[in-house]
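Okay, so here's the structure we're looking at.
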Amino acid sequence: MTDHEWYELVKEGGDAGWKLVWERVIVPEAKSSKNADLMRRYSLTDGDLMGMLYEEMLGRRKIDLYRDDGGSLQGWLRKYVRGYILNADPNKHGEISIENAHADAEDGPATMELPVDDINMVRNEAWNMTHLCFRDLWNEGPERAYVMLLKTRFHLSSEEIRDMLDCSSTANVDQMFSRSVKFMRQAWVRWDRKGFVKC
Amino acid sequence: MKVPEGKTITLTFVSHQVKDTKMRWAVNVTFPGGAGADARLPVHAEDGEGTPVAEGVFEFAGQAVRIRGGEGEIAYTDFVAGKNEPAIWMKRPGMDPVPGALTFA
């Protein structure tokens, strides 16, 4: 399959194109040791990356920015995924400063080693936030929550989800998934603005 | 209506947080791989301390699933018919009903 053919399939949002995205983009990036370490640290899963890429490419139509003139679609998509991993660092957004929280901070430059407890705290907060947002998604529309879970945790294809939940079509599944990702992002921002409240 | 062949899916529902761990609950609904419209889905219910719910009614998907000895079941068709129903409750004798939701676990 040529990059052009693949690009057309990705644009359509169907499983054929996105299965290749999973195999050629998400899996290699998630498996690289550097990224795997960062993903563990920031509580990111390969399913999260897939969801973010799907939402950005189709939900926000970034796929239209790809210049289909012979450049590597795989390389182009992988750059986005690397960006998601790097941008998941909460220190980059001023949401939490692990370094400043460290005991060494008063005495000079913060150590480069992240204290284990703080990593766990960040991980737990991210996990709890995910649960809060997911609960909101459930209240908004349980079927969307099922779709989100089946895609990102169980890695089912749209066809499999269509059959399992008896949805009208794969396009319907894709649309629900895209809206779920968007909703989760908005919910995350809402909870973040309110100040984190444990569920 | 069919669960993918060779893939058993277990959905976990949990109670909203309540102080008393005995009041909390977690329910697993299992979709056996390849199950079709005539399948019945096993339901397993525990309280917040990991003890099987001796007796209760788990309300979800618009159905009241009777739990005995931590186990119950729901028809696959009933689950699909009620897939848009957000209300989830665990009702146990002598205890207040406790709401919950699907969890990302």
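Naming scheme: A, B, ... for chains in displayed order of the structure tokens; residues 1 onward per chain; ligands 1 onward as shown.
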Residues of chain B that approach chain A to 7 Å or less, counting only C-alpha atoms: could you list each one with the shortest pair of atoms and its distance in Å to one decimal, rows by chain and increasing residue number, as a tab-separated table?
residue	atom	partner	partner_atom	distance
B:Met1	CA	A:Asp163	CA	4.9
B:Lys2	CA	A:Met164	CA	4.8
B:Val3	CA	A:Met164	CA	4.9
B:Pro4	CA	A:Glu160	CA	5.9
B:Gln17	CA	A:Cys199	CA	6.4
B:Val80	CA	A:Leu165	CA	6.0
B:Lys83	CA	A:Glu143	CA	5.8
B:Asn84	CA	A:Pro142	CA	5.2
B:Glu85	CA	A:Pro142	CA	6.6
B:Pro86	CA	A:Pro142	CA	5.7
B:Ala101	CA	A:Arg135	CA	6.5
B:Leu102	CA	A:Trp138	CA	7.0
B:Thr103	CA	A:His131	CA	6.7
B:Phe104	CA	A:His131	CA	6.3
For this session: Would you kindly return, as a ChimeraX atom specification, each protein, DNA or RNA residue with an atom no farther than 7 Å from any atom of region 56-66 of chain A, considering only C-alpha atoms and excluding same-chain residues fewer than 3 positions away?
Result: /A:11,52-53,178
Would you write out those residues with C-alpha atoms, as a short mmCIF file (atom, residue, chain, number, x, y, z; two decimals), in the first residue's frame?
data_model
loop_
_atom_site.label_atom_id
_atom_site.label_comp_id
_atom_site.auth_asym_id
_atom_site.auth_seq_id
_atom_site.Cartn_x
_atom_site.Cartn_y
_atom_site.Cartn_z
CA LYS A 11 -8.77 10.35 6.26
CA MET A 52 -5.31 11.64 20.99
CA LEU A 53 -4.04 11.06 17.46
CA SER A 178 -14.25 10.91 18.51
#
For this session: Identify, on the basis of only C-alpha atoms, every residue whose closest approach to Val29 (chain B) does not exceed 9 Å; exclude the query and any residue fewer than 6 positions from it along the same chain; express the result as a PyMOL selection string.
Result: chain B and resi 9-13+41-45+73-74
Since we have the selection now, will you write its residues out, keeping C-alpha atoms, as a PDB file, in the first residue's frame?
ATOM      1  CA  ILE B   9     -14.328  -8.638  27.857  1.00  0.00           C
ATOM      2  CA  THR B  10     -14.908  -7.829  31.511  1.00  0.00           C
ATOM      3  CA  LEU B  11     -16.483  -4.485  32.340  1.00  0.00           C
ATOM      4  CA  THR B  12     -16.061  -3.221  35.880  1.00  0.00           C
ATOM      5  CA  PHE B  13     -18.592  -1.017  37.592  1.00  0.00           C
ATOM      6  CA  LEU B  41     -23.564 -12.664  30.949  1.00  0.00           C
ATOM      7  CA  PRO B  42     -22.143 -13.618  34.345  1.00  0.00           C
ATOM      8  CA  VAL B  43     -22.128 -10.864  36.956  1.00  0.00           C
ATOM      9  CA  HIS B  44     -19.830 -10.962  39.981  1.00  0.00           C
ATOM     10  CA  ALA B  45     -20.343  -8.530  42.873  1.00  0.00           C
ATOM     11  CA  GLU B  73     -26.442 -12.873  35.433  1.00  0.00           C
ATOM     12  CA  ILE B  74     -28.042 -10.703  32.797  1.00  0.00           C
TER      13      ILE B  74
END
For this session: Would you return as a list in words the members of region 20-61 of chain B that DSSP assigns to strand (DSSP E) on this structure's backbone?
Result: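 Across region 20-61 of chain B, those assigned strand (DSSP E) are Trp25, Ala26, Val27, Asn28, Val29, Thr30, Phe31, Arg40, Leu41, Pro42, Val43, His44, Ala45, Glu46, Asp47, Glu55, Gly56, Val57, Phe58, Glu59 and Phe60 of chain B.
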Problem set entry | For Met23 (chain B): contacts at 12 Å, only C-alpha atoms, fewer than 6 positions along chain excluded, given as a PyMOL selection string | chain B and resi 14-17+46-51+53+89-100
